[in-house]
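Asker: Below is coords17.txt; it holds compact mmCIF, N, CA and C atoms.
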# COMPACT_ATOMS: atom_id res chain seq x y z
N MET A 1 16.99 -9.81 77.84
CA MET A 1 16.51 -10.81 76.91
C MET A 1 15.84 -10.11 75.73
N LEU A 2 16.08 -10.63 74.55
CA LEU A 2 15.41 -10.13 73.35
C LEU A 2 14.30 -11.09 72.98
N ILE A 3 13.07 -10.57 72.91
CA ILE A 3 11.90 -11.38 72.60
C ILE A 3 11.33 -10.92 71.27
N ALA A 4 11.10 -11.89 70.39
CA ALA A 4 10.49 -11.60 69.09
C ALA A 4 8.99 -11.78 69.19
N MET A 5 8.30 -10.98 68.42
CA MET A 5 6.84 -11.10 68.31
C MET A 5 6.43 -10.48 66.99
N VAL A 6 5.22 -10.77 66.57
CA VAL A 6 4.68 -10.16 65.36
C VAL A 6 3.45 -9.36 65.78
N VAL A 7 3.37 -8.11 65.31
CA VAL A 7 2.26 -7.24 65.67
C VAL A 7 1.58 -6.70 64.41
N ASP A 8 0.28 -6.41 64.58
CA ASP A 8 -0.46 -5.81 63.47
C ASP A 8 -0.47 -4.29 63.62
N GLY A 9 -1.22 -3.60 62.79
CA GLY A 9 -1.29 -2.14 62.81
C GLY A 9 -1.89 -1.57 64.08
N GLU A 10 -2.61 -2.39 64.82
CA GLU A 10 -3.20 -1.95 66.09
C GLU A 10 -2.39 -2.44 67.29
N ASP A 11 -1.19 -2.95 67.03
CA ASP A 11 -0.27 -3.46 68.06
C ASP A 11 -0.78 -4.70 68.80
N CYS A 12 -1.65 -5.49 68.14
CA CYS A 12 -2.03 -6.80 68.69
C CYS A 12 -0.95 -7.79 68.29
N ILE A 13 -0.58 -8.64 69.22
CA ILE A 13 0.43 -9.66 68.94
C ILE A 13 -0.24 -10.83 68.23
N LEU A 14 0.32 -11.19 67.07
CA LEU A 14 -0.26 -12.17 66.16
C LEU A 14 0.63 -13.41 66.03
N PRO A 15 0.08 -14.48 65.44
CA PRO A 15 0.96 -15.57 65.00
C PRO A 15 2.00 -15.03 64.00
N ILE A 16 3.00 -15.76 63.77
CA ILE A 16 4.24 -15.32 63.12
C ILE A 16 4.12 -14.90 61.65
N VAL A 17 3.08 -15.31 60.94
CA VAL A 17 3.08 -15.13 59.48
C VAL A 17 2.54 -13.80 58.97
N ASP A 18 1.88 -13.01 59.78
CA ASP A 18 1.33 -11.73 59.34
C ASP A 18 1.90 -10.61 60.20
N GLY A 19 1.84 -9.40 59.69
CA GLY A 19 2.24 -8.25 60.49
C GLY A 19 3.72 -7.94 60.42
N VAL A 20 4.15 -7.09 61.36
CA VAL A 20 5.51 -6.60 61.45
C VAL A 20 6.23 -7.38 62.54
N LEU A 21 7.48 -7.74 62.29
CA LEU A 21 8.27 -8.46 63.28
C LEU A 21 8.90 -7.45 64.24
N ARG A 22 8.65 -7.61 65.52
CA ARG A 22 9.16 -6.69 66.54
C ARG A 22 10.10 -7.45 67.45
N ILE A 23 11.26 -6.83 67.72
CA ILE A 23 12.21 -7.38 68.69
C ILE A 23 12.20 -6.44 69.89
N TYR A 24 11.86 -7.00 71.04
CA TYR A 24 11.69 -6.24 72.28
C TYR A 24 12.80 -6.60 73.26
N ASN A 25 13.45 -5.59 73.81
CA ASN A 25 14.50 -5.79 74.80
C ASN A 25 13.88 -5.65 76.19
N THR A 26 13.84 -6.75 76.93
CA THR A 26 13.18 -6.73 78.24
C THR A 26 13.95 -5.92 79.27
N GLU A 27 15.23 -5.74 79.07
CA GLU A 27 16.04 -4.97 80.03
C GLU A 27 15.85 -3.48 79.88
N THR A 28 15.71 -3.01 78.64
CA THR A 28 15.61 -1.56 78.41
C THR A 28 14.19 -1.10 78.08
N GLY A 29 13.34 -2.02 77.67
CA GLY A 29 11.99 -1.66 77.23
C GLY A 29 11.97 -1.14 75.81
N ALA A 30 13.12 -1.07 75.16
CA ALA A 30 13.20 -0.59 73.77
C ALA A 30 12.79 -1.71 72.82
N TYR A 31 12.30 -1.33 71.66
CA TYR A 31 11.98 -2.31 70.63
C TYR A 31 12.26 -1.73 69.26
N LYS A 32 12.41 -2.65 68.31
CA LYS A 32 12.62 -2.24 66.93
C LYS A 32 11.74 -3.11 66.04
N ASP A 33 11.08 -2.47 65.08
CA ASP A 33 10.23 -3.17 64.14
C ASP A 33 10.97 -3.41 62.82
N TYR A 34 10.70 -4.56 62.23
CA TYR A 34 11.31 -4.97 60.97
C TYR A 34 10.22 -5.47 60.04
N PRO A 35 10.43 -5.36 58.73
CA PRO A 35 9.51 -6.02 57.81
C PRO A 35 9.54 -7.52 58.08
N ASN A 36 8.40 -8.14 58.09
CA ASN A 36 8.32 -9.57 58.38
C ASN A 36 8.68 -10.36 57.11
N PRO A 37 9.75 -11.15 57.16
CA PRO A 37 10.13 -11.90 55.96
C PRO A 37 9.11 -12.96 55.56
N ALA A 38 8.16 -13.29 56.44
CA ALA A 38 7.12 -14.27 56.11
C ALA A 38 6.10 -13.72 55.12
N VAL A 39 5.91 -12.42 55.14
CA VAL A 39 4.90 -11.80 54.28
C VAL A 39 5.35 -11.96 52.82
N GLY A 40 4.47 -12.47 52.02
CA GLY A 40 4.77 -12.65 50.60
C GLY A 40 5.30 -14.02 50.23
N LEU A 41 5.72 -14.81 51.21
CA LEU A 41 6.18 -16.17 50.92
C LEU A 41 4.99 -17.12 50.87
N THR A 42 5.13 -18.18 50.12
CA THR A 42 4.07 -19.18 50.08
C THR A 42 4.45 -20.44 50.85
N GLU A 43 5.73 -20.65 51.08
CA GLU A 43 6.22 -21.78 51.86
C GLU A 43 7.32 -21.30 52.79
N GLY A 44 7.48 -22.00 53.90
CA GLY A 44 8.57 -21.68 54.82
C GLY A 44 8.43 -20.34 55.52
N ARG A 45 7.19 -19.86 55.63
CA ARG A 45 6.96 -18.53 56.18
C ARG A 45 7.38 -18.44 57.65
N ARG A 46 6.93 -19.39 58.45
CA ARG A 46 7.24 -19.35 59.88
C ARG A 46 8.75 -19.49 60.11
N SER A 47 9.36 -20.39 59.37
CA SER A 47 10.81 -20.60 59.52
C SER A 47 11.59 -19.36 59.09
N ALA A 48 11.13 -18.67 58.06
CA ALA A 48 11.82 -17.45 57.60
C ALA A 48 11.76 -16.37 58.67
N ALA A 49 10.59 -16.18 59.26
CA ALA A 49 10.45 -15.16 60.31
C ALA A 49 11.25 -15.57 61.55
N LEU A 50 11.21 -16.83 61.90
CA LEU A 50 11.97 -17.33 63.05
C LEU A 50 13.47 -17.10 62.84
N GLN A 51 13.98 -17.47 61.67
CA GLN A 51 15.41 -17.31 61.41
C GLN A 51 15.81 -15.83 61.44
N PHE A 52 14.98 -14.97 60.90
CA PHE A 52 15.27 -13.53 60.95
C PHE A 52 15.36 -13.06 62.40
N ALA A 53 14.41 -13.48 63.23
CA ALA A 53 14.42 -13.08 64.64
C ALA A 53 15.68 -13.59 65.33
N ILE A 54 16.07 -14.82 65.05
CA ILE A 54 17.30 -15.38 65.64
C ILE A 54 18.50 -14.55 65.20
N ASN A 55 18.53 -14.19 63.92
CA ASN A 55 19.65 -13.37 63.41
C ASN A 55 19.72 -12.00 64.08
N GLN A 56 18.58 -11.51 64.59
CA GLN A 56 18.57 -10.23 65.30
C GLN A 56 18.93 -10.40 66.78
N GLY A 57 19.14 -11.64 67.21
CA GLY A 57 19.54 -11.90 68.60
C GLY A 57 18.43 -12.35 69.52
N ALA A 58 17.22 -12.57 68.98
CA ALA A 58 16.10 -12.99 69.83
C ALA A 58 16.38 -14.39 70.38
N THR A 59 16.04 -14.57 71.66
CA THR A 59 16.18 -15.87 72.31
C THR A 59 14.83 -16.40 72.78
N ALA A 60 13.78 -15.65 72.55
CA ALA A 60 12.43 -16.08 72.93
C ALA A 60 11.45 -15.52 71.91
N PHE A 61 10.27 -16.15 71.87
CA PHE A 61 9.23 -15.73 70.93
C PHE A 61 7.89 -15.71 71.63
N CYS A 62 7.12 -14.62 71.45
CA CYS A 62 5.74 -14.58 71.94
C CYS A 62 4.93 -15.52 71.07
N THR A 63 4.10 -16.35 71.72
CA THR A 63 3.42 -17.39 70.97
C THR A 63 1.92 -17.45 71.27
N PRO A 64 1.15 -16.53 70.67
CA PRO A 64 -0.29 -16.78 70.71
C PRO A 64 -0.56 -18.08 69.93
N PRO A 65 -1.73 -18.70 70.10
CA PRO A 65 -2.00 -19.95 69.39
C PRO A 65 -1.73 -19.84 67.89
N LEU A 66 -1.21 -20.92 67.33
CA LEU A 66 -0.93 -21.08 65.90
C LEU A 66 0.27 -20.27 65.42
N THR A 67 1.13 -19.86 66.34
CA THR A 67 2.34 -19.13 65.94
C THR A 67 3.29 -20.04 65.16
N PHE A 68 3.52 -21.23 65.66
CA PHE A 68 4.44 -22.16 65.01
C PHE A 68 3.70 -23.38 64.48
N CYS A 69 4.22 -23.92 63.37
CA CYS A 69 3.77 -25.23 62.90
C CYS A 69 4.77 -26.25 63.44
N GLU A 70 4.54 -27.51 63.14
CA GLU A 70 5.43 -28.54 63.66
C GLU A 70 6.87 -28.34 63.22
N LEU A 71 7.08 -27.98 61.95
CA LEU A 71 8.44 -27.82 61.43
C LEU A 71 9.15 -26.62 62.04
N SER A 72 8.48 -25.47 62.09
CA SER A 72 9.14 -24.28 62.65
C SER A 72 9.33 -24.43 64.16
N TYR A 73 8.41 -25.11 64.82
CA TYR A 73 8.54 -25.37 66.25
C TYR A 73 9.78 -26.22 66.54
N GLU A 74 9.99 -27.26 65.75
CA GLU A 74 11.19 -28.08 65.94
C GLU A 74 12.46 -27.28 65.67
N LYS A 75 12.42 -26.42 64.66
CA LYS A 75 13.58 -25.55 64.39
C LYS A 75 13.83 -24.63 65.58
N ALA A 76 12.77 -24.04 66.13
CA ALA A 76 12.92 -23.16 67.29
C ALA A 76 13.52 -23.92 68.47
N ARG A 77 13.07 -25.12 68.70
CA ARG A 77 13.62 -25.92 69.80
C ARG A 77 15.08 -26.25 69.57
N ARG A 78 15.45 -26.58 68.33
CA ARG A 78 16.88 -26.86 68.03
C ARG A 78 17.74 -25.64 68.29
N GLU A 79 17.16 -24.45 68.08
CA GLU A 79 17.89 -23.19 68.27
C GLU A 79 17.79 -22.68 69.72
N SER A 80 17.18 -23.48 70.60
CA SER A 80 17.02 -23.14 72.02
C SER A 80 16.20 -21.87 72.25
N ILE A 81 15.22 -21.65 71.38
CA ILE A 81 14.31 -20.52 71.56
C ILE A 81 13.34 -20.86 72.69
N ALA A 82 13.11 -19.89 73.56
CA ALA A 82 12.11 -20.04 74.62
C ALA A 82 10.77 -19.52 74.09
N PHE A 83 9.69 -20.00 74.67
CA PHE A 83 8.35 -19.65 74.21
C PHE A 83 7.60 -18.92 75.31
N LEU A 84 6.93 -17.87 74.92
CA LEU A 84 6.13 -17.08 75.85
C LEU A 84 4.67 -17.14 75.39
N PRO A 85 3.91 -18.11 75.91
CA PRO A 85 2.52 -18.26 75.47
C PRO A 85 1.68 -17.03 75.83
N LEU A 86 0.89 -16.58 74.88
CA LEU A 86 -0.01 -15.45 75.08
C LEU A 86 -1.42 -15.82 74.64
N LYS A 87 -2.39 -15.16 75.23
CA LYS A 87 -3.78 -15.32 74.78
C LYS A 87 -3.95 -14.59 73.46
N PRO A 88 -4.86 -15.08 72.61
CA PRO A 88 -5.14 -14.33 71.37
C PRO A 88 -5.59 -12.91 71.71
N GLU A 89 -5.26 -11.99 70.82
CA GLU A 89 -5.67 -10.58 70.96
C GLU A 89 -4.90 -9.82 72.03
N THR A 90 -3.82 -10.38 72.57
CA THR A 90 -2.99 -9.64 73.53
C THR A 90 -2.33 -8.48 72.79
N THR A 91 -2.42 -7.29 73.36
CA THR A 91 -1.78 -6.13 72.73
C THR A 91 -0.36 -5.98 73.27
N PHE A 92 0.44 -5.25 72.52
CA PHE A 92 1.81 -5.00 72.95
C PHE A 92 1.81 -4.21 74.27
N ALA A 93 0.88 -3.27 74.43
CA ALA A 93 0.80 -2.50 75.68
C ALA A 93 0.48 -3.43 76.86
N GLU A 94 -0.43 -4.39 76.66
CA GLU A 94 -0.74 -5.36 77.73
C GLU A 94 0.48 -6.21 78.04
N PHE A 95 1.18 -6.63 77.00
CA PHE A 95 2.42 -7.39 77.17
C PHE A 95 3.41 -6.62 78.03
N GLN A 96 3.65 -5.37 77.69
CA GLN A 96 4.60 -4.56 78.45
C GLN A 96 4.16 -4.40 79.91
N ARG A 97 2.88 -4.09 80.13
CA ARG A 97 2.38 -3.92 81.50
C ARG A 97 2.51 -5.19 82.33
N SER A 98 2.35 -6.32 81.68
CA SER A 98 2.32 -7.60 82.38
C SER A 98 3.65 -8.34 82.34
N TRP A 99 4.69 -7.70 81.84
CA TRP A 99 5.94 -8.41 81.61
C TRP A 99 6.44 -9.18 82.83
N SER A 100 6.43 -8.58 84.02
CA SER A 100 6.98 -9.28 85.19
C SER A 100 6.22 -10.57 85.48
N ASP A 101 4.90 -10.58 85.26
CA ASP A 101 4.12 -11.81 85.45
C ASP A 101 4.34 -12.77 84.28
N LEU A 102 4.36 -12.24 83.07
CA LEU A 102 4.55 -13.08 81.90
C LEU A 102 5.91 -13.78 81.90
N ALA A 103 6.91 -13.13 82.45
CA ALA A 103 8.26 -13.71 82.48
C ALA A 103 8.25 -15.06 83.19
N GLN A 104 7.32 -15.24 84.12
CA GLN A 104 7.22 -16.51 84.85
C GLN A 104 6.65 -17.64 84.00
N THR A 105 6.07 -17.30 82.86
CA THR A 105 5.42 -18.32 82.02
C THR A 105 6.31 -18.77 80.86
N ILE A 106 7.50 -18.23 80.74
CA ILE A 106 8.40 -18.64 79.65
C ILE A 106 8.69 -20.13 79.79
N SER A 107 8.67 -20.81 78.64
CA SER A 107 8.79 -22.26 78.63
C SER A 107 9.71 -22.71 77.50
N ASP A 108 10.18 -23.94 77.60
CA ASP A 108 10.99 -24.49 76.51
C ASP A 108 10.15 -25.37 75.58
N GLY A 109 8.83 -25.34 75.75
CA GLY A 109 7.96 -26.13 74.89
C GLY A 109 6.56 -25.55 74.81
N LEU A 110 5.80 -26.05 73.85
CA LEU A 110 4.41 -25.63 73.65
C LEU A 110 3.54 -26.88 73.53
N PRO A 111 2.29 -26.81 73.97
CA PRO A 111 1.39 -27.95 73.79
C PRO A 111 1.05 -28.16 72.31
N ALA A 112 0.82 -29.40 71.95
CA ALA A 112 0.53 -29.74 70.54
C ALA A 112 -0.67 -28.99 70.00
N GLU A 113 -1.67 -28.73 70.84
CA GLU A 113 -2.87 -28.05 70.34
C GLU A 113 -2.61 -26.58 69.98
N GLU A 114 -1.46 -26.06 70.34
CA GLU A 114 -1.10 -24.68 69.99
C GLU A 114 -0.47 -24.59 68.59
N MET A 115 -0.15 -25.73 67.98
CA MET A 115 0.55 -25.76 66.69
C MET A 115 -0.41 -25.55 65.52
N ALA A 116 0.08 -24.83 64.54
CA ALA A 116 -0.62 -24.72 63.25
C ALA A 116 -0.25 -25.94 62.42
N PRO A 117 -1.12 -26.39 61.54
CA PRO A 117 -0.75 -27.51 60.68
C PRO A 117 0.41 -27.10 59.76
N SER A 118 1.29 -28.03 59.51
CA SER A 118 2.40 -27.78 58.59
C SER A 118 2.06 -28.38 57.25
N HIS A 119 1.87 -27.51 56.28
CA HIS A 119 1.47 -27.98 54.96
C HIS A 119 2.52 -28.87 54.32
N SER A 120 3.80 -28.63 54.64
CA SER A 120 4.86 -29.44 54.06
C SER A 120 4.78 -30.89 54.54
N LEU A 121 4.27 -31.09 55.75
CA LEU A 121 4.16 -32.46 56.26
C LEU A 121 3.05 -33.24 55.57
N ASN A 122 2.12 -32.52 54.95
CA ASN A 122 0.97 -33.18 54.32
C ASN A 122 1.21 -33.50 52.85
N LYS A 123 2.37 -33.21 52.34
CA LYS A 123 2.66 -33.46 50.91
C LYS A 123 2.99 -34.91 50.70
Hey, can you dump this file as structure tokens for me?
Answerer:
Amino acid sequence: MLIAMVVDGEDCILPIVDGVLRIYNTETGAYKDYPNPAVGLTEGRRSAALQFAINQGATAFCTPPLTFCELSYEKARRESIAFLPLKPETTFAEFQRSWSDLAQTISDGLPAEEMAPSHSLNK
């Protein structure tokens, strides 16, 4: 399985709009970092990063709170993306060490309180 996540310079897994986009292969343990297409955009940031991850073959996304807004969440669901909820401040090393336990928490949905507000919906 290929899992997308966004990490900062200290390898903490972040919500989707900041940091570097990382695609992690759960079978091999290999990963590749990409420039995050959300950085520098003023609108559609989450959807841009999500679409890039999908184009790289990701079928799941690490989701600390506020990773997706309502619009990008619905897009992820339409694309059959699975969600891997994480606590804030989870590091990539912790993710790797805990992968076998975390794999049991993969879900096809997220609770509403985990969503970031979608500015486009408020226009």
Asker: Considering only N, CA and C atoms, state which residue in the set A:Gly57, A:Pro117, A:Pro35, A:Gly29 is at the smallest distance from Leu71 of chain A.
Answerer: A:Pro117
Asker: With a distance cut-off of 9 Å and only C-alpha atoms, select the neighbouring residues of Val39 of chain A, excluding the residue or stretch itself and same-chain residues fewer than 6 positions from it, and output the selection as a PyMOL selection string.
Answerer: chain A and resi 17-20+45+49
Asker: Please return as JSON, numbers by chain every residue within 8 Å of (2.0, -4.9, 66.0), taking into account only C-alpha atoms and the file's own coordinates.
Answerer: {"A": [6, 7, 8, 9, 10, 11, 12, 13, 14, 19, 20, 21, 22, 91, 92]}
Asker: Quick one: write out the picked residues with N, CA and C atoms as an mmCIF file, keeping the file's coordinate frame?
Answerer:
data_model
loop_
_atom_site.group_PDB
_atom_site.id
_atom_site.type_symbol
_atom_site.label_atom_id
_atom_site.label_comp_id
_atom_site.auth_asym_id
_atom_site.auth_seq_id
_atom_site.Cartn_x
_atom_site.Cartn_y
_atom_site.Cartn_z
ATOM 1 N N VAL A 6 5.220 -10.770 66.570
ATOM 2 C CA VAL A 6 4.680 -10.160 65.360
ATOM 3 C C VAL A 6 3.450 -9.360 65.780
ATOM 4 N N VAL A 7 3.370 -8.110 65.310
ATOM 5 C CA VAL A 7 2.260 -7.240 65.670
ATOM 6 C C VAL A 7 1.580 -6.700 64.410
ATOM 7 N N ASP A 8 0.280 -6.410 64.580
ATOM 8 C CA ASP A 8 -0.460 -5.810 63.470
ATOM 9 C C ASP A 8 -0.470 -4.290 63.620
ATOM 10 N N GLY A 9 -1.220 -3.600 62.790
ATOM 11 C CA GLY A 9 -1.290 -2.140 62.810
ATOM 12 C C GLY A 9 -1.890 -1.570 64.080
ATOM 13 N N GLU A 10 -2.610 -2.390 64.820
ATOM 14 C CA GLU A 10 -3.200 -1.950 66.090
ATOM 15 C C GLU A 10 -2.390 -2.440 67.290
ATOM 16 N N ASP A 11 -1.190 -2.950 67.030
ATOM 17 C CA ASP A 11 -0.270 -3.460 68.060
ATOM 18 C C ASP A 11 -0.780 -4.700 68.800
ATOM 19 N N CYS A 12 -1.650 -5.490 68.140
ATOM 20 C CA CYS A 12 -2.030 -6.800 68.690
ATOM 21 C C CYS A 12 -0.950 -7.790 68.290
ATOM 22 N N ILE A 13 -0.580 -8.640 69.220
ATOM 23 C CA ILE A 13 0.430 -9.660 68.940
ATOM 24 C C ILE A 13 -0.240 -10.830 68.230
ATOM 25 N N LEU A 14 0.320 -11.190 67.070
ATOM 26 C CA LEU A 14 -0.260 -12.170 66.160
ATOM 27 C C LEU A 14 0.630 -13.410 66.030
ATOM 28 N N GLY A 19 1.840 -9.400 59.690
ATOM 29 C CA GLY A 19 2.240 -8.250 60.490
ATOM 30 C C GLY A 19 3.720 -7.940 60.420
ATOM 31 N N VAL A 20 4.150 -7.090 61.360
ATOM 32 C CA VAL A 20 5.510 -6.600 61.450
ATOM 33 C C VAL A 20 6.230 -7.380 62.540
ATOM 34 N N LEU A 21 7.480 -7.740 62.290
ATOM 35 C CA LEU A 21 8.270 -8.460 63.280
ATOM 36 C C LEU A 21 8.900 -7.450 64.240
ATOM 37 N N ARG A 22 8.650 -7.610 65.520
ATOM 38 C CA ARG A 22 9.160 -6.690 66.540
ATOM 39 C C ARG A 22 10.100 -7.450 67.450
ATOM 40 N N THR A 91 -2.420 -7.290 73.360
ATOM 41 C CA THR A 91 -1.780 -6.130 72.730
ATOM 42 C C THR A 91 -0.360 -5.980 73.270
ATOM 43 N N PHE A 92 0.440 -5.250 72.520
ATOM 44 C CA PHE A 92 1.810 -5.000 72.950
ATOM 45 C C PHE A 92 1.810 -4.210 74.270
#
Asker: Separation of atom N of Glu89 of chain A and atom CA of Ser118 of chain A, in Å?
Answerer: 21.4 Å
Asker: Would you list the residues near (4.6, -17.1, 74.0) (no more than 10 Å away, in the coordinates of the file, using only C-alpha atoms) as a ChimeraX atom specification?
Answerer: /A:3-5,13,15,60-65,67,82-87,102-103,105-107,109-110
Asker: Which residue, A:Ile81, A:Ala30, A:Ala116, A:Ala93, has the smallest gap to Phe68 of chain A when you use all atoms listed in the file?
Answerer: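 Answer, going by the shortest atom-to-atom distance: A:Ala116.
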Asker: Could you give me, as a list in words, the residues within 8 Å of Leu50 of chain A, counting all atoms listed in the file and dropping anything in the same chain fewer than 2 positions from it?
Answerer: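 So, after excluding close chain neighbours, the residues are Ile16, Pro37, Ala38, Gly44, Arg45, Arg46, Ser47, Ala48, Phe52, Ala53, Ile54, Asn55, Gln56, Ser72, Lys75 and Ala76 of chain A.
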Asker: What does the distance between atom CA of Thr59 of chain A and atom CA of Asp33 of chain A come to in Å, to one decimal place?
Answerer: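 Answer for the atom CA of Thr59 of chain A to atom CA of Asp33 of chain A separation: 16.2 Å.
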Asker: Among segment 21-122 of chain A, which ones does DSSP place in alpha helix (DSSP H), written as a PyMOL selection string?
Answerer: chain A and resi 45-55+70-78+92-97+99-102
Asker: Name the residues of chain A that come out as strand (DSSP E or B) in a backbone DSSP run; write them as a ChimeraX atom specification.
Answerer: /A:2-7,12-14,20-25,31-34,60-63,69,82-85,91,107,116
Asker: Atom CA of Glu74 of chain A to atom N of Leu2 of chain A: how many Å, to one decimal?
Answerer: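 Spanning atom CA of Glu74 of chain A to atom N of Leu2 of chain A is a straight-line distance of 20.1 Å.
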Asker: Show me, as lines of an AutoDock Vina configuration file, the centre and edge lengths in Å to one decimal of the axis-aligned box that covers every listed atom of segment 15-31 of chain A with 8 Å on each side.
Answerer:
center_x = 8.1
center_y = -8.2
center_z = 69.5
size_x = 32.0
size_y = 31.2
size_z = 37.1
Asker: Compare A:Met1, A:Arg77, A:Leu41, A:Cys69 by their minimum atom-to-atom distance to Asn25 of chain A, counting all atoms listed in the file, and give me the closest one.
Answerer: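 Nearest to Asn25 of chain A: A:Met1.
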